[in-house]
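Shown below: start.txt, with compact mmCIF, C-alpha atoms.
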```
# COMPACT_ATOMS: atom_id res chain seq x y z
CA MET A 1 -31.79 20.93 24.14
CA LYS A 2 -30.80 18.24 26.59
CA THR A 3 -32.82 15.63 28.38
CA THR A 4 -32.31 12.46 30.36
CA SER A 5 -33.85 9.02 29.87
CA SER A 6 -33.68 6.30 32.50
CA HIS A 7 -34.78 2.70 32.07
CA GLY A 8 -33.59 -0.81 32.98
CA LEU A 9 -30.02 -1.73 32.08
CA HIS A 10 -29.14 -4.66 29.84
CA THR A 11 -26.29 -6.89 30.92
CA ALA A 12 -23.65 -7.28 28.24
CA SER A 13 -21.30 -9.71 26.60
CA LEU A 14 -19.39 -9.10 23.43
CA CYS A 15 -21.37 -9.83 20.27
CA THR A 16 -19.59 -8.00 17.48
CA PRO A 17 -19.79 -8.55 13.69
CA TYR A 18 -16.43 -8.78 12.02
CA LEU A 19 -14.86 -6.76 9.28
CA LEU A 20 -14.38 -8.63 6.02
CA LEU A 21 -12.26 -7.70 3.06
CA VAL A 22 -13.33 -8.71 -0.41
CA PRO A 23 -11.82 -12.06 -1.44
CA LEU A 24 -8.12 -12.29 -0.65
CA GLY A 25 -7.30 -13.70 -4.05
CA LEU A 26 -8.79 -10.63 -5.70
CA LEU A 27 -6.82 -8.32 -3.46
CA ALA A 28 -3.64 -10.23 -4.18
CA LEU A 29 -4.22 -9.67 -7.86
CA LEU A 30 -4.87 -5.97 -7.30
CA LEU A 31 -1.71 -5.56 -5.26
CA ALA A 32 0.25 -6.76 -8.25
CA LEU A 33 -1.16 -3.99 -10.42
CA PRO A 34 0.62 -0.68 -10.86
CA SER A 35 -0.48 2.09 -8.55
CA LEU A 36 -3.81 3.61 -9.50
CA GLY A 37 -2.65 7.05 -8.43
CA SER A 38 -0.14 8.71 -6.21
CA SER A 39 -0.10 7.15 -2.77
CA HIS A 40 1.32 10.38 -1.38
CA THR A 41 -1.55 12.63 -2.39
CA ARG A 42 -2.98 14.70 0.47
CA SER A 43 -6.22 16.62 0.38
CA GLN A 44 -5.70 20.37 0.48
CA GLY A 45 -9.20 20.89 1.80
CA LEU A 46 -10.72 19.38 4.90
CA GLY A 47 -8.38 16.41 4.81
CA VAL A 48 -10.73 13.86 6.35
CA LEU A 49 -10.42 11.35 3.53
CA CYS A 50 -7.85 8.95 4.83
CA ARG A 51 -5.60 7.24 2.34
CA GLY A 52 -4.18 3.90 3.34
CA ALA A 53 -6.40 3.12 6.31
CA THR A 54 -5.60 -0.03 8.29
CA GLU A 55 -6.73 -3.14 6.46
CA TYR A 56 -8.11 -6.25 8.15
CA SER A 57 -7.63 -9.88 7.25
CA ASP A 58 -8.97 -13.20 8.56
CA ASP A 59 -6.67 -14.55 11.24
CA GLY A 60 -7.84 -18.12 10.71
CA ALA A 61 -9.41 -18.36 14.16
CA GLY A 62 -12.69 -16.63 13.55
CA GLY A 63 -11.28 -13.16 14.16
CA TYR A 64 -9.49 -10.43 12.27
CA HIS A 65 -6.16 -8.71 12.71
CA SER A 66 -4.59 -5.62 11.20
CA VAL A 67 -2.17 -6.10 8.34
CA ALA A 68 1.12 -4.26 8.85
CA PRO A 69 2.13 -1.99 5.94
CA THR A 70 5.23 -2.71 3.95
CA GLY A 71 7.38 -0.75 1.53
CA ALA A 72 5.73 2.21 -0.14
CA ASP A 73 2.53 1.60 1.82
CA ASP A 74 4.23 2.96 4.95
CA GLU A 75 3.70 6.55 3.84
CA LYS A 76 0.07 5.84 2.99
CA LYS A 77 -0.57 4.31 6.39
CA LYS A 78 0.84 7.38 8.15
CA LYS A 79 -1.97 9.42 6.63
CA ALA A 80 -4.75 7.15 7.88
CA SER A 81 -5.44 9.42 10.84
CA VAL A 82 -5.61 13.03 9.74
CA VAL A 83 -5.46 15.92 12.17
CA VAL A 84 -7.80 18.61 10.89
CA ALA A 85 -6.56 22.13 11.61
CA ALA A 86 -6.33 25.55 10.04
CA ASP A 87 -2.54 25.78 10.12
CA ALA A 88 0.25 24.12 8.17
CA ASP A 89 1.54 22.29 11.25
CA ALA A 90 -1.63 20.22 11.60
CA GLU A 91 0.17 16.89 11.65
CA THR A 92 2.17 17.85 14.75
CA THR A 93 -0.79 19.38 16.58
CA THR A 94 -2.63 17.33 19.21
CA PRO A 95 -6.32 17.18 18.28
CA GLU A 96 -8.80 18.40 20.86
CA LEU A 97 -11.33 15.76 19.90
CA SER A 98 -11.68 12.82 17.51
CA LEU A 99 -14.64 11.71 15.43
CA LEU A 100 -15.24 8.66 13.22
CA VAL A 101 -17.84 9.29 10.51
CA GLY A 102 -19.33 6.11 9.06
CA VAL A 103 -21.21 6.74 5.80
CA LEU A 104 -23.54 3.81 5.15
CA THR A 105 -23.63 3.09 1.44
CA MET A 106 -24.01 0.29 -1.12
CA PRO A 107 -21.54 -1.04 -3.73
CA SER A 108 -23.56 0.24 -6.69
CA ARG A 109 -23.42 3.88 -5.52
CA ARG A 110 -19.91 4.58 -6.76
CA GLU A 111 -20.74 7.95 -8.31
CA ARG A 112 -22.45 9.04 -5.09
CA ARG A 113 -19.37 8.12 -3.04
CA ASP A 114 -17.15 10.17 -5.32
CA ILE A 115 -19.44 13.16 -4.80
CA VAL A 116 -19.45 12.64 -1.03
CA ARG A 117 -15.63 12.36 -0.96
CA MET A 118 -15.36 15.68 -2.79
CA ALA A 119 -17.98 17.21 -0.50
CA TYR A 120 -15.80 16.45 2.53
CA ALA A 121 -12.43 17.17 0.96
CA LEU A 122 -13.39 20.64 -0.27
CA GLN A 123 -14.72 21.92 3.05
CA PRO A 124 -12.72 24.38 5.14
CA PRO A 125 -11.12 22.94 8.30
CA PRO A 126 -12.32 23.63 11.83
CA SER A 127 -10.80 26.61 13.63
CA ARG A 128 -8.94 24.36 16.11
CA PRO A 129 -7.42 20.89 15.69
CA ALA A 130 -9.65 17.83 15.51
CA ARG A 131 -9.15 14.34 14.14
CA VAL A 132 -11.99 13.42 11.79
CA ASP A 133 -11.88 10.17 9.80
CA VAL A 134 -14.48 9.14 7.21
CA ARG A 135 -15.23 5.53 6.28
CA PHE A 136 -17.72 4.20 3.72
CA VAL A 137 -19.51 1.24 5.26
CA PHE A 138 -20.69 -1.84 3.32
CA CYS A 139 -22.01 -5.24 4.22
CA ASN A 140 -20.53 -8.29 2.46
CA VAL A 141 -19.83 -7.58 -1.20
CA THR A 142 -21.02 -10.76 -2.90
CA ASP A 143 -21.36 -9.76 -6.55
CA PRO A 144 -18.02 -10.44 -8.32
CA VAL A 145 -18.17 -7.23 -10.37
CA ASP A 146 -18.93 -5.10 -7.33
CA ALA A 147 -16.22 -6.95 -5.39
CA ALA A 148 -13.59 -6.08 -8.01
CA LEU A 149 -14.60 -2.42 -8.16
CA VAL A 150 -14.89 -2.00 -4.39
CA ALA A 151 -11.45 -3.61 -4.00
CA VAL A 152 -9.94 -1.04 -6.38
CA GLU A 153 -11.81 1.74 -4.55
CA ALA A 154 -10.54 0.48 -1.20
CA ARG A 155 -6.96 0.39 -2.41
CA ARG A 156 -7.15 3.84 -3.98
CA HIS A 157 -8.86 5.68 -1.12
CA GLY A 158 -8.31 3.52 1.96
CA ASP A 159 -11.67 4.56 3.42
CA VAL A 160 -13.77 1.38 3.04
CA LEU A 161 -15.19 -0.84 5.81
CA VAL A 162 -16.84 -4.12 4.84
CA LEU A 163 -18.87 -5.75 7.62
CA ASP A 164 -20.02 -9.35 8.03
CA CYS A 165 -23.71 -8.82 7.26
CA THR A 166 -26.12 -8.99 4.33
CA GLU A 167 -26.55 -5.63 2.63
CA ASN A 168 -29.62 -3.88 4.01
CA MET A 169 -30.92 -0.61 5.37
CA ASN A 170 -33.19 -1.61 8.25
CA ASP A 171 -32.15 -5.18 8.92
CA GLY A 172 -29.14 -4.85 11.17
CA LYS A 173 -26.49 -2.91 9.24
CA THR A 174 -26.39 -0.01 11.70
CA HIS A 175 -26.00 -2.43 14.59
CA ALA A 176 -23.21 -4.20 12.70
CA TYR A 177 -21.43 -0.88 12.23
CA LEU A 178 -21.78 0.46 15.77
CA SER A 179 -20.91 -2.87 17.35
CA SER A 180 -17.84 -3.37 15.12
CA VAL A 181 -16.23 0.01 15.69
CA PRO A 182 -14.98 -0.53 19.28
CA ARG A 183 -13.20 -3.73 18.28
CA LEU A 184 -11.81 -2.60 14.94
CA PHE A 185 -10.49 0.71 16.27
CA ALA A 186 -9.59 -0.44 19.79
CA SER A 187 -6.00 0.72 19.42
CA GLY A 188 -7.01 4.17 18.14
CA ARG A 189 -10.31 4.91 19.81
CA TYR A 190 -12.34 8.00 19.00
CA ASP A 191 -14.18 10.37 21.29
CA TYR A 192 -17.28 10.09 19.12
CA VAL A 193 -18.73 7.74 16.50
CA MET A 194 -21.17 8.99 13.87
CA LYS A 195 -23.54 7.11 11.61
CA THR A 196 -24.74 8.96 8.52
CA ASP A 197 -25.95 8.21 4.99
CA ASP A 198 -24.63 8.90 1.51
CA ASP A 199 -27.49 11.35 0.82
CA THR A 200 -26.44 13.64 3.67
CA TYR A 201 -24.11 16.62 3.30
CA LEU A 202 -22.30 16.97 6.60
CA ARG A 203 -20.52 20.23 7.36
CA VAL A 204 -17.77 18.76 9.46
CA ALA A 205 -16.33 21.96 10.94
CA ALA A 206 -19.79 22.98 12.19
CA LEU A 207 -20.31 19.59 13.80
CA VAL A 208 -16.86 19.64 15.39
CA GLU A 209 -17.57 23.05 16.93
CA GLU A 210 -20.82 21.68 18.40
CA LEU A 211 -18.98 18.71 19.90
CA ARG A 212 -16.16 20.72 21.51
CA SER A 213 -18.29 21.85 24.42
CA LYS A 214 -20.06 18.52 24.87
CA PRO A 215 -19.04 15.81 27.35
CA ARG A 216 -17.04 12.87 26.04
CA HIS A 217 -19.20 10.34 27.86
CA ASP A 218 -22.77 9.05 27.49
CA VAL A 219 -23.60 11.34 24.53
CA TYR A 220 -26.37 10.88 21.94
CA LEU A 221 -26.65 13.81 19.52
CA GLY A 222 -28.54 14.52 16.30
CA TYR A 223 -31.92 15.56 14.94
CA GLY A 224 -34.22 14.63 17.81
CA PHE A 225 -37.69 13.21 17.26
CA PRO A 226 -40.30 14.03 19.94
CA VAL A 227 -42.71 11.26 20.93
CA GLY A 228 -45.38 12.06 23.49
CA ASP A 229 -43.81 13.74 26.48
CA ASP A 230 -40.29 12.65 25.54
CA PRO A 231 -38.61 15.42 23.48
CA MET A 232 -36.13 13.08 21.76
CA PRO A 233 -36.35 9.35 22.41
CA PHE A 234 -34.39 8.79 19.19
CA MET A 235 -32.41 10.68 16.55
CA HIS A 236 -33.20 10.86 12.84
CA GLY A 237 -31.19 8.46 10.67
CA MET A 238 -29.77 11.25 8.48
CA GLY A 239 -26.90 11.37 10.96
CA TYR A 240 -26.37 10.95 14.69
CA VAL A 241 -23.39 10.83 17.02
CA VAL A 242 -22.73 8.68 20.09
CA SER A 243 -19.74 8.86 22.38
CA TRP A 244 -17.22 6.00 22.31
CA ASP A 245 -18.53 4.45 25.55
CA VAL A 246 -22.04 4.23 24.07
CA ALA A 247 -20.76 2.45 20.95
CA ARG A 248 -18.78 0.08 23.19
CA TRP A 249 -21.92 -0.62 25.22
CA VAL A 250 -23.85 -1.46 22.02
CA SER A 251 -21.08 -3.83 20.94
CA ALA A 252 -21.18 -5.67 24.24
CA ASN A 253 -24.95 -5.85 24.68
CA GLN A 254 -25.91 -9.41 23.84
CA ASP A 255 -29.58 -8.75 24.56
CA ILE A 256 -29.94 -6.69 21.38
CA LEU A 257 -29.25 -9.73 19.23
CA ARG A 258 -30.87 -12.21 21.61
CA HIS A 259 -34.17 -10.38 21.27
CA ASN A 260 -33.71 -9.98 17.50
CA ASP A 261 -33.91 -6.23 18.10
CA THR A 262 -32.06 -5.13 14.95
CA HIS A 263 -34.91 -5.49 12.46
CA GLY A 264 -36.92 -2.35 11.77
CA PRO A 265 -36.30 1.40 11.33
CA GLU A 266 -32.65 1.66 12.34
CA ASP A 267 -32.78 5.14 13.85
CA LEU A 268 -35.77 4.30 16.03
CA LEU A 269 -34.11 1.06 17.16
CA VAL A 270 -30.88 2.79 18.21
CA GLY A 271 -32.93 5.09 20.42
CA LYS A 272 -34.83 2.09 21.80
CA TRP A 273 -31.59 0.27 22.78
CA LEU A 274 -30.27 3.32 24.55
CA ASN A 275 -33.57 4.07 26.29
CA ILE A 276 -33.93 0.53 27.63
CA GLY A 277 -30.29 0.44 28.67
CA GLY A 278 -30.30 3.87 30.27
CA ARG A 279 -27.54 5.06 27.93
CA GLY A 280 -26.99 8.27 26.01
CA LYS A 281 -28.34 10.38 28.85
CA ASN A 282 -26.53 13.46 27.54
CA ARG A 283 -28.85 14.13 24.59
CA TYR A 284 -28.59 17.09 22.26
CA ASP A 285 -31.09 18.08 19.60
CA LEU A 286 -29.48 19.90 16.66
CA LYS A 287 -32.71 20.95 14.97
CA PRO A 288 -33.08 23.15 12.97
CA ARG A 289 -29.39 22.96 11.93
CA MET A 290 -29.97 19.39 10.75
CA TYR A 291 -32.88 19.04 8.31
CA ASP A 292 -34.30 17.49 5.14
CA LEU A 293 -33.96 19.46 1.92
CA SER A 294 -37.40 20.48 0.66
CA TRP A 295 -38.94 19.58 -2.68
CA PHE A 296 -38.15 23.07 -4.02
CA MET A 297 -34.58 23.06 -2.61
CA ASP A 298 -35.14 26.49 -1.07
CA ASN A 299 -34.73 25.84 2.66
CA PHE A 300 -30.93 25.82 3.03
CA ARG A 301 -29.59 27.48 6.19
CA PRO A 302 -26.23 29.26 6.54
CA ASP A 303 -25.70 27.61 9.94
CA THR A 304 -26.32 24.09 8.60
CA ILE A 305 -24.65 21.13 10.26
CA ALA A 306 -26.25 18.48 8.04
CA VAL A 307 -28.73 18.55 5.17
CA HIS A 308 -30.42 15.31 4.13
CA MET A 309 -32.36 13.93 1.14
CA LEU A 310 -29.72 14.66 -1.50
CA LYS A 311 -30.97 11.82 -3.66
CA ASP A 312 -29.71 12.99 -7.06
CA ASN A 313 -27.02 15.11 -8.67
CA ARG A 314 -29.31 18.13 -9.01
CA ARG A 315 -29.66 18.30 -5.25
CA TRP A 316 -25.94 17.86 -4.68
CA ALA A 317 -25.22 20.63 -7.22
CA ALA A 318 -27.68 22.97 -5.47
CA THR A 319 -26.01 22.19 -2.15
CA PHE A 320 -22.53 22.91 -3.50
CA ARG A 321 -23.73 26.21 -4.97
CA TYR A 322 -25.41 27.34 -1.77
CA PHE A 323 -22.35 26.62 0.39
CA ASN A 324 -19.96 28.17 -2.16
CA VAL A 325 -18.11 24.90 -2.78
CA THR A 326 -17.76 25.90 -6.43
CA ALA A 327 -16.96 29.58 -5.78
CA GLY A 328 -14.08 30.87 -7.90
CA ILE A 329 -14.17 27.93 -10.32
CA ASN A 330 -14.61 29.18 -13.87
CA LEU A 331 -15.21 26.40 -16.37
CA SER A 332 -15.56 28.67 -19.41
CA HIS A 333 -11.89 29.58 -19.79
CA LEU A 334 -9.50 26.71 -20.31
CA PRO A 335 -5.73 27.22 -19.89
```

C-alpha cells encoding of this file:
Amino acid sequence: MKTTSSHGLHTASLCTPYLLLVPLGLLALLLALPSLGSSHTRSQGLGVLCRGATEYSDDGAGGYHSVAPTGADDEKKKKASVVVAADADAETTTPELSLLVGVLTMPSRRERRDIVRMAYALQPPPSRPARVDVRFVFCNVTDPVDAALVAVEARRHGDVLVLDCTENMNDGKTHAYLSSVPRLFASGRYDYVMKTDDDTYLRVAALVEELRSKPRHDVYLGYGFPVGDDPMPFMHGMGYVVSWDVARWVSANQDILRHNDTHGPEDLLVGKWLNIGGRGKNRYDLKPRMYDLSWFMDNFRPDTIAVHMLKDNRRWAATFRYFNVTAGINLSHLP
C-alpha cells in the first residue's frame, strides 16, 4: 500500500546529537588488555554483525572525528561494512542497496543483545548482494559498571553507538539516533536507515527483497497505523525504515527541537515530523508481514519480515524454532 501526505515544510538547520564513547580512560585501559577473542572472526551466516566498526572520539572542539585504525585493528576495520550475498565472492561484489539497522537497547540488556546478534548472524543471506550493517544504540552510559561492560562489548563486537542523550524510550532517543546518522556515516552513507527494538526479530533477507523495488528517495516504510481517513500517518515502533534523504532532513530540521517535539510516543512523533514537513511521501505498509506475537505464540507467518513483542527467552526460543534457526542442531550427542 502506498499513499502520499502533503503538509507545510519546516525550514532546517543542523541540530544533531553527537556520538559519545564511554570514558576515554576506561577505553585506554581496555586497549591494553589482551584480545577478548579473534579479531579476524567472520560470521558464516548473514554476516551483518560488523566487527571493528569506526570509533568516534571527542575532537576537543565540540565535535567528533573518526579514529584511524592501527596495527592489528586494520583487518577488523575492513570488516566494518559487510556485503551480504549468497556467494563466496561477496566482498568483491557491489551491493545493490545498503541498509543501516539501529537496534535501540539499554546497557542492562546484555543477554538480549547476545540473542539478537545470534538471530541476525544465523539467518540466510539475501539472494543478491546488499550491504546491511547492524548497530546497537545507547544513550550516555553513566553507570560505571555498565560503562565497563559496554566498553568491552564495543571492543569485542564493534557494533555499538552511544549517543549524547539521557537513556529513555519516548523522550528523544529516536530523534537522537535518526539525526546523528547522517553526520556519523557521512562518508559511507546508506540508501536506507532503520530504527527497530531489541524485542523485534527482523528477517533481513525478506526486508532487503522488499526494499529492492522501492525508490531510494523520500521513503517511509513499516507497519502502518491508520488514523481516520489517513491509511498510515505513522509506522509502528517495532521497526520502520526511512531513506537516507529523510534521515538527513530530520537531522537538519531545527524546528523539531525548537518546538520540543521529541517527547511522547516516538513512532507517532516520527510520523508527525514527516507529515508536517511533507516528507516520506513514498509510504509502504508491510502489514501483515510485520506484526506483534500473540499471547499464545501461535500467529507466526512464513512470510514474516518482522515479529515484535519478544520480551523473554521463551518467545525468542519459539521464534527460533518456527523459523528453523535451530534445525539440525542436536544437543543430545556430544562429540

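With only C-alpha atoms as the basis for measurement, A:Tyr220 is the residue among A:Ser243, A:Phe320, A:Thr326, A:Tyr220 that approaches A:Asn275 most closely.
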
Would you compute the distance between atom CA of A:Leu202 and atom CA of A:Asp245? Give it in Å to one decimal.
23.0 Å

Place a sphere of radius 12 Å on (-30.4, 12.9, -2.6) in the file coordinates and name every protein, DNA or RNA residue with an atom inside or on its surface, counting only C-alpha atoms; give the answer as a count of residues only.
28

Between atom CA of A:Val250 and atom CA of A:Gly280, measure the distance and give it in Å to one decimal.
11.0 Å

How many Å separate atom CA of A:Pro144 from atom CA of A:Met106?
14.2 Å

Write out as a PyMOL selection string which residues come within 8 Å of stretch 256-260 of chain A when counting all atoms listed in the file, dropping same-chain ones fewer than 2 positions away.
chain A and resi 15+253-254+262-263+273

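Near A:Glu210, within 10 Å and counting only C-alpha atoms, sit Val204, Ala205, Ala206, Leu207, Val208, Arg212, Ser213, Lys214, Leu221, Tyr284, Leu286 and Ile305 of chain A, not including residues fewer than 2 positions from it in the same chain.
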
Serialized selection, C-alpha atoms, as an mmCIF file, in the frame of the given file:
```
data_model
loop_
_atom_site.group_PDB
_atom_site.id
_atom_site.type_symbol
_atom_site.label_atom_id
_atom_site.label_comp_id
_atom_site.auth_asym_id
_atom_site.auth_seq_id
_atom_site.Cartn_x
_atom_site.Cartn_y
_atom_site.Cartn_z
ATOM 1 C CA VAL A 204 -17.770 18.760 9.460
ATOM 2 C CA ALA A 205 -16.330 21.960 10.940
ATOM 3 C CA ALA A 206 -19.790 22.980 12.190
ATOM 4 C CA LEU A 207 -20.310 19.590 13.800
ATOM 5 C CA VAL A 208 -16.860 19.640 15.390
ATOM 6 C CA ARG A 212 -16.160 20.720 21.510
ATOM 7 C CA SER A 213 -18.290 21.850 24.420
ATOM 8 C CA LYS A 214 -20.060 18.520 24.870
ATOM 9 C CA LEU A 221 -26.650 13.810 19.520
ATOM 10 C CA TYR A 284 -28.590 17.090 22.260
ATOM 11 C CA LEU A 286 -29.480 19.900 16.660
ATOM 12 C CA ILE A 305 -24.650 21.130 10.260
#
```

Find the residues around A:Asn168 up to 10 Å (only C-alpha atoms counted), leave out those fewer than 6 positions away in its own chain, and share them as an NGL selection string.
:A and (104-106 or 138-139 or 174)

May I have the residues from that selection written out with C-alpha atoms, as a PDB file, in the frame of the given file?
```pdb
ATOM      1  CA  LEU A 104     -23.540   3.810   5.150  1.00  0.00           C
ATOM      2  CA  THR A 105     -23.630   3.090   1.440  1.00  0.00           C
ATOM      3  CA  MET A 106     -24.010   0.290  -1.120  1.00  0.00           C
ATOM      4  CA  PHE A 138     -20.690  -1.840   3.320  1.00  0.00           C
ATOM      5  CA  CYS A 139     -22.010  -5.240   4.220  1.00  0.00           C
ATOM      6  CA  THR A 174     -26.390  -0.010  11.700  1.00  0.00           C
TER       7      THR A 174
END
```

Taking 4 positions as the minimum chain separation for residues in the same chain, which residues sit within 12 Å of A:Arg203 when counting all atoms listed in the file? Answer as a ChimeraX atom specification.
/A:46,48,101,116,119-126,132,207-210,239,289-290,301-308,319-320,323,325

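The residue set within 8 Å of A:Phe225, counting all atoms listed in the file and dropping same-chain residues fewer than 2 places from it, reads Tyr223, Val227, Pro231, Met232, Pro233, Phe234, Met235 and His236 of chain A.
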
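If you measure from each of A:Leu149, A:Leu184, A:Leu274, A:Val137 to A:Met169 using all atoms listed in the file, the closest one turns out to be A:Val137.
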
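Residues lying within 7 Å of (-27.0, -7.9, 7.1). Counted over all atoms listed in the file, they are Cys139, Cys165, Thr166, Glu167, Asn168, Asp171, Gly172 and Lys173 of chain A.
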
Reconstruct all heavy atoms of stretch 209-218 of chain A from the incomplete input and present them as a PDB file, in the frame of the given file.
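What follows is the written file selection_24.pdb:
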```pdb
ATOM      1  N   GLU A 209     -17.403  21.943  15.988  1.00  0.00           N
ATOM      2  CA  GLU A 209     -17.570  23.050  16.930  1.00  0.00           C
ATOM      3  C   GLU A 209     -18.697  22.752  17.929  1.00  0.00           C
ATOM      4  O   GLU A 209     -18.613  23.132  19.101  1.00  0.00           O
ATOM      5  CB  GLU A 209     -17.851  24.353  16.178  1.00  0.00           C
ATOM      6  CG  GLU A 209     -16.685  24.828  15.317  1.00  0.00           C
ATOM      7  CD  GLU A 209     -15.360  24.856  16.085  1.00  0.00           C
ATOM      8  OE1 GLU A 209     -15.344  25.374  17.222  1.00  0.00           O
ATOM      9  OE2 GLU A 209     -14.350  24.351  15.558  1.00  0.00           O
ATOM     10  N   GLU A 210     -19.748  22.072  17.482  1.00  0.00           N
ATOM     11  CA  GLU A 210     -20.820  21.680  18.400  1.00  0.00           C
ATOM     12  C   GLU A 210     -20.314  20.686  19.439  1.00  0.00           C
ATOM     13  O   GLU A 210     -20.695  20.727  20.603  1.00  0.00           O
ATOM     14  CB  GLU A 210     -21.983  21.040  17.628  1.00  0.00           C
ATOM     15  CG  GLU A 210     -22.958  22.011  17.041  1.00  0.00           C
ATOM     16  CD  GLU A 210     -23.791  22.705  18.120  1.00  0.00           C
ATOM     17  OE1 GLU A 210     -24.119  22.058  19.142  1.00  0.00           O
ATOM     18  OE2 GLU A 210     -24.108  23.889  17.940  1.00  0.00           O
ATOM     19  N   LEU A 211     -19.441  19.769  19.006  1.00  0.00           N
ATOM     20  CA  LEU A 211     -18.980  18.710  19.900  1.00  0.00           C
ATOM     21  C   LEU A 211     -17.949  19.195  20.918  1.00  0.00           C
ATOM     22  O   LEU A 211     -17.784  18.574  21.969  1.00  0.00           O
ATOM     23  CB  LEU A 211     -18.382  17.561  19.077  1.00  0.00           C
ATOM     24  CG  LEU A 211     -19.373  16.743  18.250  1.00  0.00           C
ATOM     25  CD1 LEU A 211     -18.632  15.760  17.344  1.00  0.00           C
ATOM     26  CD2 LEU A 211     -20.360  16.002  19.145  1.00  0.00           C
ATOM     27  N   ARG A 212     -17.252  20.284  20.616  1.00  0.00           N
ATOM     28  CA  ARG A 212     -16.160  20.720  21.510  1.00  0.00           C
ATOM     29  C   ARG A 212     -16.641  20.942  22.939  1.00  0.00           C
ATOM     30  O   ARG A 212     -15.942  20.611  23.900  1.00  0.00           O
ATOM     31  CB  ARG A 212     -15.538  22.016  20.985  1.00  0.00           C
ATOM     32  CG  ARG A 212     -14.655  21.827  19.785  1.00  0.00           C
ATOM     33  CD  ARG A 212     -13.829  23.065  19.518  1.00  0.00           C
ATOM     34  NE  ARG A 212     -13.320  23.076  18.156  1.00  0.00           N
ATOM     35  CZ  ARG A 212     -12.262  22.395  17.738  1.00  0.00           C
ATOM     36  NH1 ARG A 212     -11.625  21.615  18.589  1.00  0.00           N
ATOM     37  NH2 ARG A 212     -11.858  22.467  16.487  1.00  0.00           N
ATOM     38  N   SER A 213     -17.807  21.505  23.081  1.00  0.00           N
ATOM     39  CA  SER A 213     -18.290  21.850  24.420  1.00  0.00           C
ATOM     40  C   SER A 213     -19.090  20.719  25.071  1.00  0.00           C
ATOM     41  O   SER A 213     -19.538  20.853  26.210  1.00  0.00           O
ATOM     42  CB  SER A 213     -19.177  23.099  24.340  1.00  0.00           C
ATOM     43  OG  SER A 213     -20.310  22.852  23.516  1.00  0.00           O
ATOM     44  N   LYS A 214     -19.263  19.616  24.344  1.00  0.00           N
ATOM     45  CA  LYS A 214     -20.060  18.520  24.870  1.00  0.00           C
ATOM     46  C   LYS A 214     -19.195  17.571  25.692  1.00  0.00           C
ATOM     47  O   LYS A 214     -17.980  17.494  25.513  1.00  0.00           O
ATOM     48  CB  LYS A 214     -20.717  17.749  23.716  1.00  0.00           C
ATOM     49  CG  LYS A 214     -21.596  18.591  22.805  1.00  0.00           C
ATOM     50  CD  LYS A 214     -22.753  19.224  23.556  1.00  0.00           C
ATOM     51  CE  LYS A 214     -23.718  19.940  22.627  1.00  0.00           C
ATOM     52  NZ  LYS A 214     -23.212  21.217  22.107  1.00  0.00           N
ATOM     53  N   PRO A 215     -19.812  16.824  26.619  1.00  0.00           N
ATOM     54  CA  PRO A 215     -19.040  15.810  27.350  1.00  0.00           C
ATOM     55  C   PRO A 215     -18.555  14.726  26.401  1.00  0.00           C
ATOM     56  O   PRO A 215     -19.062  14.590  25.295  1.00  0.00           O
ATOM     57  CB  PRO A 215     -20.052  15.269  28.367  1.00  0.00           C
ATOM     58  CG  PRO A 215     -21.390  15.638  27.832  1.00  0.00           C
ATOM     59  CD  PRO A 215     -21.214  16.889  27.038  1.00  0.00           C
ATOM     60  N   ARG A 216     -17.579  13.974  26.840  1.00  0.00           N
ATOM     61  CA  ARG A 216     -17.040  12.870  26.040  1.00  0.00           C
ATOM     62  C   ARG A 216     -17.630  11.528  26.455  1.00  0.00           C
ATOM     63  O   ARG A 216     -17.185  10.488  26.009  1.00  0.00           O
ATOM     64  CB  ARG A 216     -15.513  12.808  26.176  1.00  0.00           C
ATOM     65  CG  ARG A 216     -14.783  14.088  25.777  1.00  0.00           C
ATOM     66  CD  ARG A 216     -14.862  14.347  24.267  1.00  0.00           C
ATOM     67  NE  ARG A 216     -13.953  15.385  23.856  1.00  0.00           N
ATOM     68  CZ  ARG A 216     -14.291  16.651  23.674  1.00  0.00           C
ATOM     69  NH1 ARG A 216     -15.551  17.021  23.884  1.00  0.00           N
ATOM     70  NH2 ARG A 216     -13.409  17.549  23.291  1.00  0.00           N
ATOM     71  N   HIS A 217     -18.635  11.568  27.308  1.00  0.00           N
ATOM     72  CA  HIS A 217     -19.200  10.340  27.860  1.00  0.00           C
ATOM     73  C   HIS A 217     -20.717  10.377  27.810  1.00  0.00           C
ATOM     74  O   HIS A 217     -21.339  11.410  28.074  1.00  0.00           O
ATOM     75  CB  HIS A 217     -18.724  10.179  29.323  1.00  0.00           C
ATOM     76  CG  HIS A 217     -19.252   8.949  29.998  1.00  0.00           C
ATOM     77  ND1 HIS A 217     -18.720   7.694  29.802  1.00  0.00           N
ATOM     78  CD2 HIS A 217     -20.291   8.789  30.868  1.00  0.00           C
ATOM     79  CE1 HIS A 217     -19.387   6.824  30.526  1.00  0.00           C
ATOM     80  NE2 HIS A 217     -20.354   7.444  31.174  1.00  0.00           N
ATOM     81  N   ASP A 218     -21.320   9.240  27.427  1.00  0.00           N
ATOM     82  CA  ASP A 218     -22.770   9.050  27.490  1.00  0.00           C
ATOM     83  C   ASP A 218     -23.514  10.077  26.635  1.00  0.00           C
ATOM     84  O   ASP A 218     -24.551  10.601  27.035  1.00  0.00           O
ATOM     85  CB  ASP A 218     -23.259   9.099  28.932  1.00  0.00           C
ATOM     86  CG  ASP A 218     -24.469   8.202  29.163  1.00  0.00           C
ATOM     87  OD1 ASP A 218     -24.676   7.259  28.381  1.00  0.00           O
ATOM     88  OD2 ASP A 218     -25.211   8.451  30.136  1.00  0.00           O
TER      89      ASP A 218
END
```
